[in-house]
Amino acid sequence: MGSLRLLVPRWCRYASPAVLRARCAAPGIGSGQAPLLSRPPGQGPLPGWRTCSTSQASCKLPGSDPREISAGSSAGATEEQKDDDDDDDDEGVEFGTLSDKFSSRKYYHKTRAHFRDLKLQEEGEEEPERKPRRGPKNTPYWYFLRCKALIKEDKLAEALELFEVQMLKEERVQPEESNYTVLIGGCGRVGYVKKAFRLYSDMKKRGLIPTEATYTALFNACAESPWKDSGLQSALKLRQQLQSKNEELNLITYHALLKVCALCSDLRMCLDVLKEIVQKGHVLTAETFSFLLMSCIKDSENGFRFALQVWQQMNKLGIKADSHTYNLMLRAARDCGIGNPTVASQLLLSPPENSPQLKLPPGRRKEKVKNQRKKGSESAAVQLDVEAMEKQLFQETLVQPEERIQQQNKDVGQAEAEPAAPDSPSVTRSRTGALVRRAQSEMERKQPHLSQKLPFCNLPNLLDSRMADTAVVSLGTVATPSHRLALMGDVEGFLKKMKEDNAEPNIKTFTLLAELVEPQSPSESSLLALLDDHKVKVDVTFFNTLMRKRSKQGDLEGAKSVLPALVKRGLSPNLQTFCNLAIACHKQQDGLQLLSDLKRSGITPNKYIYSTLIAAAVRQLDYSYLTEILRDMRNNQVPPNEVIIRQLEFAARYPPKFDRYKYKNPYLEKIDGFRGYYYRWLKVMAGEETPHPWAKYRTAKPGGQDSKAETVQEKEAGC
């Protein structure tokens, strides 16, 4: 059915049926004439009239009957309908007519991305570029969790790119404080100081308020920096800014600041931070003293004595040490000396009542501290205690007068010459350098090999605060690490003290003990049994430590004897194992045999193994040995690093006062041949460039810009 177009005036909507019939039946409308309500095609409707298109079902007006319309009007409408149909064909398609073409489709299927890609491949068209994702954006908390997971997987560069590119540039998500803090913490763990402070600056520009966790991460970044001086300057600058703002720091943030001072500065600066911690009313813990011990270890001359004094102060506060603290004491015994024995005896063996101590009220709250600060009495007293501790640590003049020292030496000499009663408190020098009871020395004289039969004897333990004052009068020469371990009770006394403090020894504890015990001693032999008793799983590093000790003594066969015990425990040697064996390869035959064994095992020697062999050959001035090592490096294409080049340059240099025309030196006969081969070897070997510590954490710059200039600036600035 075609549509009927009528020009209906507006009054028709409100006219009664009788009026409509009268108007439609007006004279002059015949069968061949056009109706009065119509206009010629192509012209618009009359003013005040609107176009109405209706179907057959809807052309009925309210209250009208189509049968009452005259025949003339019907004929006119039919003629007008034909003219309108022609006009519709010319004007275009009317609404609703397109559905006839698609009426046969009953099912619609979605196109998968896989089929679309196949179609593009068949047609040879390129896939269109993907537009930025539309829809709901990821939340800042989602980015926080994602960056945290990437940092935990050691993917800091990906975390930084996710934050800076996708979050800020692509999705334009407004970051929160937690997004910056987690990234600053990741940069802090790897020592990326520059990036950490850049994020901190951007954080402040966005109006975000840093938290204590943010400051802790910044201080940790300074502590882990590869350039300690630059890290210390950044930390001090940040500390000064926080003090100017009167920022209250918690104990964890102070510990991070203590870590900076311990690794980048010295013990005096750590004690300065400790004063501030005590003044703020924080309760000291074992972790606090662990950072003080770390600063003590930096002093290679007096560090062991400092560590013992810090340990005594910790005991007086009633703080029990943990496994990490005990391991730090072993490190101090391994790496540091005791300093002046007279000063050490006076400071370490003084009665407890004469030693200053930190009198801290336990569990003091900040609210109480604010009230106490107004009074100023208690805080000042605590500060004086810390200052007294500092004076005790660094008072080198605290030495007995010369007359008393001579009198004491005279008394000790008389005690050694004249026999004394078993209960007499007279003493003599023991094998550890300490002066112990006379009864024990007599027993050692009667049984000279007692220390070899019994690995653990009754030695004084300076870690024990309950040690009797009369047990040790003074300290003698404490020269070796085994002597310093004996002052802490040796292996058995040290482990017993750990058990009293409920500190479980770990594999690092036993590895440090393996470095401290005397080589080929019963204590060294009993370490494996002690490992099984404490149910500690042994690793390759423990056996490598035993092997390195024997290799440093030149005992190659003794170092090789550790390998069966290593294999018996189900472990496999690594490159560090062969590097420790290379230390004892002083002869050319042994070194070349080691390289041959590595080749048969399918292992390519690395630069550390070659560097160790070169050092052994240089000590022997064996230039033929050096030439064979360089030839093997060339065959395996192992690039030398700066350490190897420095070793070879030293070996190729003539002695300063050597004149081969005056006399003949059998050790330097082959130096000319080595020099010639070495200079030819340098031309064909590519050196290894030392990578920048932050190179793998830098994100790619847009446009592929090179960051070498930035790297050079960082090296020049030392940051």
# chains A, B, ... in the order shown; residues from 1 in each chain; ligands from 1

call {"tool": "residues_around", "arguments": {"residues": "segment 215-219 of chain A", "least_positions_apart": "4", "cutoff": "8 Å", "atoms": "only C-alpha atoms", "output": "count of residues only"}}
result
17

call {"tool": "select_by_dssp", "arguments": {"residues": "segment 312-346 of chain A", "states": "helix (DSSP H, G or I)", "output": "number ranges by chain"}}
result
A: 312-316, 323-335, 341-346

call {"tool": "residues_around", "arguments": {"residues": "segment 547-560 of chain A", "least_positions_apart": "3", "cutoff": "6 Å", "atoms": "only C-alpha atoms", "output": "MDAnalysis selection string"}}
result
chainID A and resid 544 563 580 583:584

call {"tool": "residues_around", "arguments": {"residues": "Glu248 of chain A", "least_positions_apart": "6", "cutoff": "10 Å", "atoms": "only C-alpha atoms", "output": "ChimeraX atom specification"}}
result
/A:212,242,280

call {"tool": "write_last_selection", "arguments": {"atoms": "C-alpha atoms", "output": "CSV table (one decimal), in the first residue's frame"}}
result
chain,number,residue,atom,x,y,z
A,212,GLU,CA,57.5,8.2,56.4
A,242,LEU,CA,63.1,17.4,57.2
A,280,LYS,CA,62.7,11.7,70.4

call {"tool": "atom_distance", "arguments": {"atom1": "atom CA of Gln620 of chain A", "atom2": "atom CA of Trp681 of chain A"}}
result
21.4 Å

call {"tool": "atom_distance", "arguments": {"atom1": "atom CA of Ser521 of chain A", "atom2": "atom CA of Leu463 of chain A"}}
result
23.0 Å

call {"tool": "atom_distance", "arguments": {"atom1": "atom CA of Met329 of chain A", "atom2": "atom CA of Ile297 of chain A"}}
result
8.8 Å
